[in-house]
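Report on the following structure.
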Amino acid sequence: MSREWEFSERVGRVEPSATIAIGNKASALEEEGVDVVDLSVGEPDFPTPERVREVGQEAIAAGHTGYTSSNGIPELRKAISKDLKGKGVPADPENVVVTPGAKQALFETVQALIEEGDEVVLLDPAWVSYEAIAKLAGADLTRVDLGQHDFDLEPALDDLAAAISDETSMLIVNSPSNPTGAVFSDAALAGVRDLAVEHDVTVVADEIYDQITFDADPTSLASFDGMAERTVTVNGFSKAYSMTGWRLGYLAAPEPLVDQVSKIHSHSVTCAPNFVQRAGVEALRSVETEVATMVEAFEKRRDLVVDLLADRGKMIPRPQGAFYAMIPTDEGPTDDVEWCDAAIEDAHVATVPGSAFNAPGYARISYAASEERLKEGFSRLAEEGLI
Ligand code: PMP
Ligand code: GLU
């Protein structure tokens, strides 16, 4: 029996996540036996470091399978606080909320701060979920295009200054950036600080890729003078520790905000999984070498991707972090959505249209794939006349 559903106006404001949708499409084709080079979802292709897996298993065996205190186990909040202080972010354990993934940390932050009609500023190209998370809270979006400045923020500070006013509630900054791999300079971040302080804006600093950098050393926004009191630092374990499926992230914020976020947290997810939090403590403690090995591999692949594109006459800004690159879709079909359809259907290479990040004319690739698969993917794209 079918039933006519009436959905909330709120959920009608957003589309399903484009990154997840394309990943699902690639998996469906693979199930049909098609060999897909999947460069869509941003997910490291390495196993979670062995010691972290062991600690997770030991924690289950030891019976750490119940709820924890809502904001996270003290050991993990302490370890996160120590890590943040090492980056100059003055966050005590009480300032930390441990969440099932950084996405949940972003969601709770925006729910706690934004209401209908509040202005949220995004730097485009922007990761797909910022728009959705902001719109679910009723935000009006103002967008600043970094595309005209090779995806860099420093030369776009005047545009940002023009976008931000006393009416602005929140600015979301993601460096290293998904989808461009840009790492914003200290001068750019100081510019953000000046504007945020002048107009009393809350800044969400999504630093989930901060350990995956190559020729750059990103600074945490909350470490700048005047920023700790207005910054929500978001980070997580998915990327640096290859723990996407464990679902572990956090936010660090001033206590008044933590108190409000905690209400949303306790009424929605209760807490992050118990044994996962214990594995998280181990990740922060003991796997520096494994992280360095993964970062080295990403750097080699970054160089490979830039070279493969240069061989086809396409020069792109060299990404300095994360594991993404934006490829111009100026060959083949007329727009980036059709280009990505052709890429997956004809070349069996999964990519994400730039439009999903408000950057039409590009496709995002995740180069968290082996060098062989990247070469295979690019040769298929070339064969189909897409690059
Ligand atoms: N922020 C950015 C910029 C991301 O790319 C992602 C993607 N996974 C997230 C946050 C969320 O990560 P997770 O929920 O897996 O911690
Ligand atoms: N953040 C990754 C991406 O952009 C994983 C998928 C998602 O959470 O959107 O591909």
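A note on labels: chains of the structure tokens are A, B, ... as shown, every chain counts residues from 1, and ligands are counted from 1 in their shown order.
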* **Contacts of A:Glu94 within 9 Å, only C-alpha atoms, excl. fewer than 3 positions in-chain, as a count of residues only** => 10
* To do: Produce as number ranges by chain the set of residues near ligand 2, where near means within 7 Å with only C-alpha atoms and all ligand atoms considered.
  => A: 17, 19-20, 40-43, 127-129, 178
Show me, as JSON lines, the residues of chain A having an atom within 10 Å of ligand 1, each with the closest atom pair and its distance in Å, using only C-alpha atoms and all ligand atoms.
```
{"residue": "A:Thr19", "atom": "CA", "partner": "ligand 1", "partner_atom_place_in_ligand_line": "7 (C)", "distance": 9.1}
{"residue": "A:Ile20", "atom": "CA", "partner": "ligand 1", "partner_atom_place_in_ligand_line": "8 (N)", "distance": 9.8}
{"residue": "A:Val41", "atom": "CA", "partner": "ligand 1", "partner_atom_place_in_ligand_line": "8 (N)", "distance": 8.4}
{"residue": "A:Gly42", "atom": "CA", "partner": "ligand 1", "partner_atom_place_in_ligand_line": "8 (N)", "distance": 6.5}
{"residue": "A:Glu43", "atom": "CA", "partner": "ligand 1", "partner_atom_place_in_ligand_line": "8 (N)", "distance": 7.3}
{"residue": "A:Thr99", "atom": "CA", "partner": "ligand 1", "partner_atom_place_in_ligand_line": "16 (O)", "distance": 8.5}
{"residue": "A:Pro100", "atom": "CA", "partner": "ligand 1", "partner_atom_place_in_ligand_line": "14 (O)", "distance": 7.1}
{"residue": "A:Gly101", "atom": "CA", "partner": "ligand 1", "partner_atom_place_in_ligand_line": "16 (O)", "distance": 3.5}
{"residue": "A:Ala102", "atom": "CA", "partner": "ligand 1", "partner_atom_place_in_ligand_line": "16 (O)", "distance": 3.6}
{"residue": "A:Lys103", "atom": "CA", "partner": "ligand 1", "partner_atom_place_in_ligand_line": "14 (O)", "distance": 3.8}
{"residue": "A:Gln104", "atom": "CA", "partner": "ligand 1", "partner_atom_place_in_ligand_line": "14 (O)", "distance": 6.4}
{"residue": "A:Ala105", "atom": "CA", "partner": "ligand 1", "partner_atom_place_in_ligand_line": "14 (O)", "distance": 8.0}
{"residue": "A:Leu106", "atom": "CA", "partner": "ligand 1", "partner_atom_place_in_ligand_line": "10 (C)", "distance": 7.6}
{"residue": "A:Phe107", "atom": "CA", "partner": "ligand 1", "partner_atom_place_in_ligand_line": "14 (O)", "distance": 9.9}
{"residue": "A:Ala126", "atom": "CA", "partner": "ligand 1", "partner_atom_place_in_ligand_line": "3 (C)", "distance": 8.3}
{"residue": "A:Trp127", "atom": "CA", "partner": "ligand 1", "partner_atom_place_in_ligand_line": "3 (C)", "distance": 5.8}
{"residue": "A:Val128", "atom": "CA", "partner": "ligand 1", "partner_atom_place_in_ligand_line": "5 (O)", "distance": 8.5}
{"residue": "A:Ser129", "atom": "CA", "partner": "ligand 1", "partner_atom_place_in_ligand_line": "1 (N)", "distance": 8.0}
{"residue": "A:Tyr130", "atom": "CA", "partner": "ligand 1", "partner_atom_place_in_ligand_line": "1 (N)", "distance": 8.4}
{"residue": "A:Val173", "atom": "CA", "partner": "ligand 1", "partner_atom_place_in_ligand_line": "3 (C)", "distance": 9.2}
{"residue": "A:Asn174", "atom": "CA", "partner": "ligand 1", "partner_atom_place_in_ligand_line": "3 (C)", "distance": 6.1}
{"residue": "A:Ser175", "atom": "CA", "partner": "ligand 1", "partner_atom_place_in_ligand_line": "3 (C)", "distance": 8.1}
{"residue": "A:Pro176", "atom": "CA", "partner": "ligand 1", "partner_atom_place_in_ligand_line": "3 (C)", "distance": 8.1}
{"residue": "A:Ser177", "atom": "CA", "partner": "ligand 1", "partner_atom_place_in_ligand_line": "3 (C)", "distance": 6.4}
{"residue": "A:Asn178", "atom": "CA", "partner": "ligand 1", "partner_atom_place_in_ligand_line": "3 (C)", "distance": 5.0}
{"residue": "A:Pro179", "atom": "CA", "partner": "ligand 1", "partner_atom_place_in_ligand_line": "5 (O)", "distance": 7.6}
{"residue": "A:Ala205", "atom": "CA", "partner": "ligand 1", "partner_atom_place_in_ligand_line": "1 (N)", "distance": 9.6}
{"residue": "A:Asp206", "atom": "CA", "partner": "ligand 1", "partner_atom_place_in_ligand_line": "1 (N)", "distance": 6.0}
{"residue": "A:Glu207", "atom": "CA", "partner": "ligand 1", "partner_atom_place_in_ligand_line": "3 (C)", "distance": 7.4}
{"residue": "A:Ile208", "atom": "CA", "partner": "ligand 1", "partner_atom_place_in_ligand_line": "1 (N)", "distance": 5.8}
{"residue": "A:Tyr209", "atom": "CA", "partner": "ligand 1", "partner_atom_place_in_ligand_line": "3 (C)", "distance": 7.3}
{"residue": "A:Val234", "atom": "CA", "partner": "ligand 1", "partner_atom_place_in_ligand_line": "10 (C)", "distance": 7.9}
{"residue": "A:Asn235", "atom": "CA", "partner": "ligand 1", "partner_atom_place_in_ligand_line": "16 (O)", "distance": 7.1}
{"residue": "A:Gly236", "atom": "CA", "partner": "ligand 1", "partner_atom_place_in_ligand_line": "16 (O)", "distance": 4.7}
{"residue": "A:Phe237", "atom": "CA", "partner": "ligand 1", "partner_atom_place_in_ligand_line": "16 (O)", "distance": 6.2}
{"residue": "A:Ser238", "atom": "CA", "partner": "ligand 1", "partner_atom_place_in_ligand_line": "15 (O)", "distance": 4.9}
{"residue": "A:Lys239", "atom": "CA", "partner": "ligand 1", "partner_atom_place_in_ligand_line": "15 (O)", "distance": 7.3}
{"residue": "A:Ser242", "atom": "CA", "partner": "ligand 1", "partner_atom_place_in_ligand_line": "15 (O)", "distance": 9.5}
{"residue": "A:Met243", "atom": "CA", "partner": "ligand 1", "partner_atom_place_in_ligand_line": "15 (O)", "distance": 7.9}
{"residue": "A:Thr244", "atom": "CA", "partner": "ligand 1", "partner_atom_place_in_ligand_line": "15 (O)", "distance": 5.1}
{"residue": "A:Gly245", "atom": "CA", "partner": "ligand 1", "partner_atom_place_in_ligand_line": "15 (O)", "distance": 7.5}
{"residue": "A:Trp246", "atom": "CA", "partner": "ligand 1", "partner_atom_place_in_ligand_line": "15 (O)", "distance": 8.5}
{"residue": "A:Arg247", "atom": "CA", "partner": "ligand 1", "partner_atom_place_in_ligand_line": "15 (O)", "distance": 6.0}
{"residue": "A:Leu248", "atom": "CA", "partner": "ligand 1", "partner_atom_place_in_ligand_line": "16 (O)", "distance": 5.9}
{"residue": "A:Gly249", "atom": "CA", "partner": "ligand 1", "partner_atom_place_in_ligand_line": "16 (O)", "distance": 5.1}
{"residue": "A:Tyr250", "atom": "CA", "partner": "ligand 1", "partner_atom_place_in_ligand_line": "16 (O)", "distance": 8.2}
{"residue": "A:Ala322", "atom": "CA", "partner": "ligand 1", "partner_atom_place_in_ligand_line": "5 (O)", "distance": 8.6}
{"residue": "A:Phe323", "atom": "CA", "partner": "ligand 1", "partner_atom_place_in_ligand_line": "5 (O)", "distance": 9.7}
{"residue": "A:Tyr324", "atom": "CA", "partner": "ligand 1", "partner_atom_place_in_ligand_line": "5 (O)", "distance": 9.6}
```
Emit the selected residues as a PDB file, in the first residue's frame, including C-alpha atoms.
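Output below, filename again16.pdb:
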```pdb
ATOM      1  CA  THR A  19      29.949  12.693  -2.827  1.00  0.00           C
ATOM      2  CA  ILE A  20      28.104   9.842  -1.165  1.00  0.00           C
ATOM      3  CA  VAL A  41      34.557   9.600  -2.181  1.00  0.00           C
ATOM      4  CA  GLY A  42      37.323  11.116  -0.106  1.00  0.00           C
ATOM      5  CA  GLU A  43      38.431   8.118   1.849  1.00  0.00           C
ATOM      6  CA  THR A  99      31.234  13.224  18.159  1.00  0.00           C
ATOM      7  CA  PRO A 100      30.547  10.301  15.820  1.00  0.00           C
ATOM      8  CA  GLY A 101      32.456  11.938  12.941  1.00  0.00           C
ATOM      9  CA  ALA A 102      33.391  15.546  12.256  1.00  0.00           C
ATOM     10  CA  LYS A 103      30.189  15.882  10.241  1.00  0.00           C
ATOM     11  CA  GLN A 104      28.145  15.537  13.420  1.00  0.00           C
ATOM     12  CA  ALA A 105      30.349  18.158  15.111  1.00  0.00           C
ATOM     13  CA  LEU A 106      29.594  20.584  12.266  1.00  0.00           C
ATOM     14  CA  PHE A 107      25.910  19.741  12.383  1.00  0.00           C
ATOM     15  CA  ALA A 126      33.110  24.465  -0.543  1.00  0.00           C
ATOM     16  CA  TRP A 127      32.661  20.900   0.649  1.00  0.00           C
ATOM     17  CA  VAL A 128      29.127  19.706  -0.151  1.00  0.00           C
ATOM     18  CA  SER A 129      27.838  19.254   3.372  1.00  0.00           C
ATOM     19  CA  TYR A 130      28.435  22.830   4.587  1.00  0.00           C
ATOM     20  CA  VAL A 173      36.886  27.996   6.782  1.00  0.00           C
ATOM     21  CA  ASN A 174      38.287  24.669   5.643  1.00  0.00           C
ATOM     22  CA  SER A 175      42.045  24.464   5.279  1.00  0.00           C
ATOM     23  CA  PRO A 176      43.482  22.215   3.905  1.00  0.00           C
ATOM     24  CA  SER A 177      40.459  22.386   1.645  1.00  0.00           C
ATOM     25  CA  ASN A 178      38.112  19.763   0.355  1.00  0.00           C
ATOM     26  CA  PRO A 179      37.718  19.903  -2.681  1.00  0.00           C
ATOM     27  CA  ALA A 205      37.541  26.095  11.407  1.00  0.00           C
ATOM     28  CA  ASP A 206      37.257  22.654   9.834  1.00  0.00           C
ATOM     29  CA  GLU A 207      40.813  21.360  10.134  1.00  0.00           C
ATOM     30  CA  ILE A 208      40.127  17.685   9.418  1.00  0.00           C
ATOM     31  CA  TYR A 209      42.944  17.507   6.827  1.00  0.00           C
ATOM     32  CA  VAL A 234      36.357  20.881  14.130  1.00  0.00           C
ATOM     33  CA  ASN A 235      38.549  17.896  13.478  1.00  0.00           C
ATOM     34  CA  GLY A 236      38.288  14.133  13.214  1.00  0.00           C
ATOM     35  CA  PHE A 237      39.988  10.795  12.880  1.00  0.00           C
ATOM     36  CA  SER A 238      38.586   9.729   9.485  1.00  0.00           C
ATOM     37  CA  LYS A 239      41.303  11.130   7.272  1.00  0.00           C
ATOM     38  CA  SER A 242      42.175   6.288   7.970  1.00  0.00           C
ATOM     39  CA  MET A 243      39.255   5.689  10.327  1.00  0.00           C
ATOM     40  CA  THR A 244      36.293   6.742   8.165  1.00  0.00           C
ATOM     41  CA  GLY A 245      34.044   3.860   9.193  1.00  0.00           C
ATOM     42  CA  TRP A 246      34.788   4.144  12.895  1.00  0.00           C
ATOM     43  CA  ARG A 247      32.960   7.508  12.979  1.00  0.00           C
ATOM     44  CA  LEU A 248      34.994   9.652  15.326  1.00  0.00           C
ATOM     45  CA  GLY A 249      35.460  13.412  15.383  1.00  0.00           C
ATOM     46  CA  TYR A 250      35.179  16.361  17.718  1.00  0.00           C
ATOM     47  CA  ALA A 322      44.226  16.776   1.680  1.00  0.00           C
ATOM     48  CA  PHE A 323      43.947  14.311  -1.216  1.00  0.00           C
ATOM     49  CA  TYR A 324      41.816  16.086  -3.780  1.00  0.00           C
TER      50      TYR A 324
END
```
* Pick out the residues sitting within 9 Å of A:Leu76, and hand them over as a list in words; count only C-alpha atoms, and ignore anything fewer than 4 positions along from it in its own chain. => Gly72, Ile80, Ser81, Pro93, Val98, Gln277, Arg278, Gly280, Val281 and Leu284 of chain A
Write a file of the selected residues as a PDB file, in the first residue's frame, keeping all heavy atoms.
```pdb
ATOM      1  N   GLY A  72      32.101  12.560  25.842  1.00  0.00           N
ATOM      2  CA  GLY A  72      33.281  11.750  25.535  1.00  0.00           C
ATOM      3  C   GLY A  72      34.018  11.295  26.779  1.00  0.00           C
ATOM      4  O   GLY A  72      33.896  11.915  27.842  1.00  0.00           O
ATOM      5  N   ILE A  80      42.781  15.022  23.290  1.00  0.00           N
ATOM      6  CA  ILE A  80      42.447  16.006  22.245  1.00  0.00           C
ATOM      7  C   ILE A  80      42.877  17.402  22.697  1.00  0.00           C
ATOM      8  O   ILE A  80      43.466  18.177  21.923  1.00  0.00           O
ATOM      9  CB  ILE A  80      40.932  15.955  21.916  1.00  0.00           C
ATOM     10  CG1 ILE A  80      40.596  14.643  21.191  1.00  0.00           C
ATOM     11  CG2 ILE A  80      40.509  17.164  21.080  1.00  0.00           C
ATOM     12  CD1 ILE A  80      39.110  14.348  21.071  1.00  0.00           C
ATOM     13  N   SER A  81      42.609  17.708  23.971  1.00  0.00           N
ATOM     14  CA  SER A  81      42.995  19.014  24.501  1.00  0.00           C
ATOM     15  C   SER A  81      44.510  19.211  24.378  1.00  0.00           C
ATOM     16  O   SER A  81      44.998  20.267  23.957  1.00  0.00           O
ATOM     17  CB  SER A  81      42.514  19.116  25.954  1.00  0.00           C
ATOM     18  OG  SER A  81      43.269  20.050  26.663  1.00  0.00           O
ATOM     19  N   PRO A  93      39.990  20.095  28.349  1.00  0.00           N
ATOM     20  CA  PRO A  93      39.093  18.962  28.077  1.00  0.00           C
ATOM     21  C   PRO A  93      37.613  19.369  28.116  1.00  0.00           C
ATOM     22  O   PRO A  93      36.798  18.851  27.344  1.00  0.00           O
ATOM     23  CB  PRO A  93      39.424  17.978  29.200  1.00  0.00           C
ATOM     24  CG  PRO A  93      40.858  18.283  29.548  1.00  0.00           C
ATOM     25  CD  PRO A  93      41.025  19.757  29.353  1.00  0.00           C
ATOM     26  N   VAL A  98      33.218  15.128  21.910  1.00  0.00           N
ATOM     27  CA  VAL A  98      33.605  14.046  21.006  1.00  0.00           C
ATOM     28  C   VAL A  98      32.346  13.569  20.285  1.00  0.00           C
ATOM     29  O   VAL A  98      31.327  13.292  20.924  1.00  0.00           O
ATOM     30  CB  VAL A  98      34.247  12.883  21.796  1.00  0.00           C
ATOM     31  CG1 VAL A  98      34.576  11.724  20.864  1.00  0.00           C
ATOM     32  CG2 VAL A  98      35.496  13.366  22.530  1.00  0.00           C
ATOM     33  N   GLN A 277      36.090   5.397  20.890  1.00  0.00           N
ATOM     34  CA  GLN A 277      36.784   6.492  21.593  1.00  0.00           C
ATOM     35  C   GLN A 277      38.116   5.993  22.154  1.00  0.00           C
ATOM     36  O   GLN A 277      39.118   6.705  22.135  1.00  0.00           O
ATOM     37  CB  GLN A 277      35.919   7.034  22.723  1.00  0.00           C
ATOM     38  CG  GLN A 277      34.651   7.734  22.234  1.00  0.00           C
ATOM     39  CD  GLN A 277      33.923   8.414  23.375  1.00  0.00           C
ATOM     40  OE1 GLN A 277      34.505   9.214  24.091  1.00  0.00           O
ATOM     41  NE2 GLN A 277      32.653   8.099  23.543  1.00  0.00           N
ATOM     42  N   ARG A 278      38.120   4.757  22.651  1.00  0.00           N
ATOM     43  CA  ARG A 278      39.377   4.225  23.218  1.00  0.00           C
ATOM     44  C   ARG A 278      40.419   4.031  22.115  1.00  0.00           C
ATOM     45  O   ARG A 278      41.606   4.309  22.301  1.00  0.00           O
ATOM     46  CB  ARG A 278      39.098   2.932  23.986  1.00  0.00           C
ATOM     47  CG  ARG A 278      38.345   3.261  25.268  1.00  0.00           C
ATOM     48  CD  ARG A 278      37.721   2.120  25.995  1.00  0.00           C
ATOM     49  NE  ARG A 278      36.579   2.629  26.751  1.00  0.00           N
ATOM     50  CZ  ARG A 278      36.663   3.218  27.960  1.00  0.00           C
ATOM     51  NH1 ARG A 278      37.806   3.317  28.581  1.00  0.00           N
ATOM     52  NH2 ARG A 278      35.578   3.697  28.544  1.00  0.00           N
ATOM     53  N   GLY A 280      40.544   5.869  19.564  1.00  0.00           N
ATOM     54  CA  GLY A 280      40.932   7.243  19.237  1.00  0.00           C
ATOM     55  C   GLY A 280      42.082   7.733  20.103  1.00  0.00           C
ATOM     56  O   GLY A 280      42.985   8.431  19.622  1.00  0.00           O
ATOM     57  N   VAL A 281      42.042   7.357  21.387  1.00  0.00           N
ATOM     58  CA  VAL A 281      43.136   7.748  22.286  1.00  0.00           C
ATOM     59  C   VAL A 281      44.450   7.176  21.742  1.00  0.00           C
ATOM     60  O   VAL A 281      45.481   7.858  21.674  1.00  0.00           O
ATOM     61  CB  VAL A 281      42.881   7.234  23.733  1.00  0.00           C
ATOM     62  CG1 VAL A 281      44.080   7.527  24.626  1.00  0.00           C
ATOM     63  CG2 VAL A 281      41.607   7.839  24.298  1.00  0.00           C
ATOM     64  N   LEU A 284      45.823   9.060  18.703  1.00  0.00           N
ATOM     65  CA  LEU A 284      46.515  10.311  19.026  1.00  0.00           C
ATOM     66  C   LEU A 284      47.871  10.045  19.671  1.00  0.00           C
ATOM     67  O   LEU A 284      48.761  10.889  19.642  1.00  0.00           O
ATOM     68  CB  LEU A 284      45.653  11.164  19.971  1.00  0.00           C
ATOM     69  CG  LEU A 284      44.404  11.791  19.348  1.00  0.00           C
ATOM     70  CD1 LEU A 284      43.603  12.542  20.405  1.00  0.00           C
ATOM     71  CD2 LEU A 284      44.751  12.736  18.205  1.00  0.00           C
TER      72      LEU A 284
END
```
* If you count only C-alpha atoms, which residues fall within 8 Å of stretch 161-166 of chain A, apart from same-chain ones fewer than 5 positions away, as a list of chain:residue names? ->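 The filter keeps A:Val121, A:Thr142, A:Arg143, A:Val144, A:Leu195, A:His199, A:Asp200, A:Val201.
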Quick one: write out the picked residues with C-alpha atoms as a short mmCIF file (atom, residue, chain, number, x, y, z; two decimals), in the first residue's frame?
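For reference, again28.cif as written:
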```
data_model
loop_
_atom_site.label_atom_id
_atom_site.label_comp_id
_atom_site.auth_asym_id
_atom_site.auth_seq_id
_atom_site.Cartn_x
_atom_site.Cartn_y
_atom_site.Cartn_z
CA VAL A 121 29.50 32.73 4.58
CA THR A 142 26.69 34.17 1.07
CA ARG A 143 29.43 32.71 -1.09
CA VAL A 144 32.90 33.97 -1.88
CA LEU A 195 37.27 40.54 9.64
CA HIS A 199 32.24 42.17 12.60
CA ASP A 200 31.92 39.84 15.60
CA VAL A 201 31.53 36.71 13.50
#
```
* To do: Check the DSSP output for the backbone and give back, as number ranges by chain, the residues of stretch 198-303 of chain A in strand (DSSP E).
  => A: 202-206, 231-236, 249-252
With a distance cut-off of 12 Å and only C-alpha atoms, select the neighbouring residues of A:Ala196, excluding the residue or stretch itself and same-chain residues fewer than 4 positions from it, and output the selection as a short mmCIF file (atom, residue, chain, number, x, y, z; two decimals) with N, CA, C and O atoms, in the first residue's frame.
```cif
data_model
loop_
_atom_site.label_atom_id
_atom_site.label_comp_id
_atom_site.auth_asym_id
_atom_site.auth_seq_id
_atom_site.Cartn_x
_atom_site.Cartn_y
_atom_site.Cartn_z
N VAL A 121 28.64 32.49 5.74
CA VAL A 121 29.50 32.73 4.58
C VAL A 121 30.34 31.49 4.31
O VAL A 121 30.95 30.92 5.22
N LEU A 160 36.26 38.70 0.39
CA LEU A 160 35.71 38.26 1.68
C LEU A 160 35.27 39.47 2.50
O LEU A 160 34.20 39.47 3.12
N ALA A 161 36.11 40.51 2.47
CA ALA A 161 35.77 41.73 3.22
C ALA A 161 34.46 42.32 2.70
O ALA A 161 33.64 42.84 3.48
N ALA A 163 32.06 40.62 1.47
CA ALA A 163 30.94 39.72 1.78
C ALA A 163 30.53 39.77 3.24
O ALA A 163 29.38 39.57 3.58
N ILE A 164 31.50 40.02 4.12
CA ILE A 164 31.23 39.96 5.56
C ILE A 164 30.77 41.32 6.07
O ILE A 164 31.35 42.35 5.73
N SER A 165 29.74 41.30 6.90
CA SER A 165 29.26 42.56 7.50
C SER A 165 28.84 42.27 8.94
O SER A 165 28.95 41.13 9.40
N ASP A 166 28.33 43.28 9.61
CA ASP A 166 27.86 43.06 10.99
C ASP A 166 26.67 42.11 11.02
O ASP A 166 26.32 41.58 12.08
N GLU A 167 26.05 41.90 9.85
CA GLU A 167 24.91 40.97 9.77
C GLU A 167 25.35 39.52 9.71
O GLU A 167 24.53 38.61 9.84
N THR A 168 26.63 39.29 9.42
CA THR A 168 27.10 37.91 9.24
C THR A 168 27.17 37.19 10.58
O THR A 168 27.71 37.72 11.55
N SER A 169 26.62 35.97 10.60
CA SER A 169 26.68 35.20 11.86
C SER A 169 27.88 34.27 11.88
O SER A 169 28.51 34.08 12.92
N MET A 170 28.17 33.65 10.74
CA MET A 170 29.18 32.58 10.76
C MET A 170 29.94 32.53 9.45
O MET A 170 29.38 32.76 8.38
N LEU A 171 31.23 32.21 9.58
CA LEU A 171 32.07 31.95 8.41
C LEU A 171 32.66 30.55 8.60
O LEU A 171 33.15 30.23 9.69
N ILE A 172 32.60 29.74 7.55
CA ILE A 172 33.20 28.40 7.64
C ILE A 172 34.48 28.39 6.81
O ILE A 172 34.46 28.73 5.62
N VAL A 173 35.58 28.03 7.46
CA VAL A 173 36.89 28.00 6.78
C VAL A 173 37.41 26.57 6.86
O VAL A 173 37.46 25.97 7.93
N LEU A 189 44.81 33.77 6.95
CA LEU A 189 44.07 33.50 8.19
C LEU A 189 44.05 34.73 9.10
O LEU A 189 43.06 35.00 9.78
N ALA A 190 45.14 35.51 9.08
CA ALA A 190 45.14 36.76 9.86
C ALA A 190 44.08 37.71 9.29
O ALA A 190 43.42 38.44 10.04
N GLY A 191 43.92 37.69 7.98
CA GLY A 191 42.87 38.50 7.34
C GLY A 191 41.49 38.05 7.79
O GLY A 191 40.61 38.88 8.06
N VAL A 192 41.30 36.75 7.91
CA VAL A 192 40.03 36.21 8.41
C VAL A 192 39.80 36.69 9.84
O VAL A 192 38.72 37.15 10.21
N ASP A 200 32.40 40.77 14.57
CA ASP A 200 31.92 39.84 15.60
C ASP A 200 31.27 38.59 15.01
O ASP A 200 30.10 38.27 15.29
N VAL A 201 32.03 37.90 14.20
CA VAL A 201 31.53 36.71 13.50
C VAL A 201 32.10 35.45 14.16
O VAL A 201 33.26 35.43 14.58
N THR A 202 31.28 34.39 14.26
CA THR A 202 31.77 33.09 14.71
C THR A 202 32.44 32.40 13.52
O THR A 202 31.88 32.39 12.42
N VAL A 203 33.61 31.84 13.76
CA VAL A 203 34.30 31.13 12.67
C VAL A 203 34.35 29.64 13.00
O VAL A 203 34.76 29.25 14.10
N VAL A 204 33.90 28.84 12.05
CA VAL A 204 34.06 27.39 12.19
C VAL A 204 35.29 27.02 11.39
O VAL A 204 35.34 27.25 10.18
N LEU A 221 43.25 28.20 13.20
CA LEU A 221 42.67 29.55 13.31
C LEU A 221 42.49 30.00 14.75
O LEU A 221 42.70 31.16 15.09
N ALA A 222 42.12 29.05 15.62
CA ALA A 222 41.85 29.44 17.01
C ALA A 222 43.11 29.84 17.75
O ALA A 222 43.04 30.36 18.87
N PHE A 224 45.15 32.12 16.62
CA PHE A 224 45.41 33.55 16.35
C PHE A 224 44.83 34.41 17.49
O PHE A 224 43.77 34.08 18.03
N ASP A 225 45.51 35.49 17.78
CA ASP A 225 45.01 36.42 18.80
C ASP A 225 43.57 36.80 18.52
O ASP A 225 43.24 37.16 17.39
N GLY A 226 42.75 36.73 19.53
CA GLY A 226 41.35 37.17 19.38
C GLY A 226 40.44 36.11 18.78
O GLY A 226 39.24 36.35 18.61
N MET A 227 41.00 34.94 18.44
CA MET A 227 40.16 33.94 17.77
C MET A 227 39.63 32.85 18.68
O MET A 227 38.58 32.26 18.40
N ALA A 228 40.33 32.53 19.76
CA ALA A 228 39.90 31.40 20.60
C ALA A 228 38.46 31.61 21.08
O ALA A 228 37.67 30.67 21.13
N GLU A 229 38.11 32.85 21.38
CA GLU A 229 36.78 33.12 21.94
C GLU A 229 35.67 33.06 20.89
O GLU A 229 34.49 33.08 21.25
N ARG A 230 36.03 33.00 19.60
CA ARG A 230 34.98 33.03 18.57
C ARG A 230 35.12 31.87 17.55
O ARG A 230 34.47 31.88 16.53
N THR A 231 36.01 30.94 17.85
CA THR A 231 36.25 29.87 16.87
C THR A 231 35.75 28.53 17.40
O THR A 231 35.95 28.20 18.56
#
```
* **Neighbour list for A:Ala59 as a ChimeraX atom specification, cut-off 12 Å, only C-alpha atoms, skip fewer than 4 positions in-chain** => /A:52-55,63-66,273-282
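A straight line drawn from atom CA of A:Met326 to atom CA of A:Leu136 is 27.1 Å long.
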* Structure fact -> What separates atom CA of A:Leu309 and atom CA of A:Ala325 is a distance of 10.5 Å
* Find the residues around A:Pro317 up to 10 Å (only C-alpha atoms counted), leave out those fewer than 3 positions away in its own chain, and share them as a VMD selection string. => chain A and resid 149 to 152 180 to 182 306 320 325 to 326
* Hey, which of A:Gln211, A:Thr334, A:Val349, A:Thr233 ends up closest to A:Glu288? Count only C-alpha atoms. -> A:Gln211
* Run DSSP on the backbone of this structure and report the residues of stretch 51-270 of chain A it assigns to alpha helix (DSSP H), as an MDAnalysis selection string. => chainID A and resid 51:61 74:86 102:113 128:136 157:163 186:198 255:268
* To do: Rounded to one decimal place, report the atom CA of A:Glu30-atom CA of A:Asp303 distance in Å.
  =>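 It comes out at 27.8 Å.
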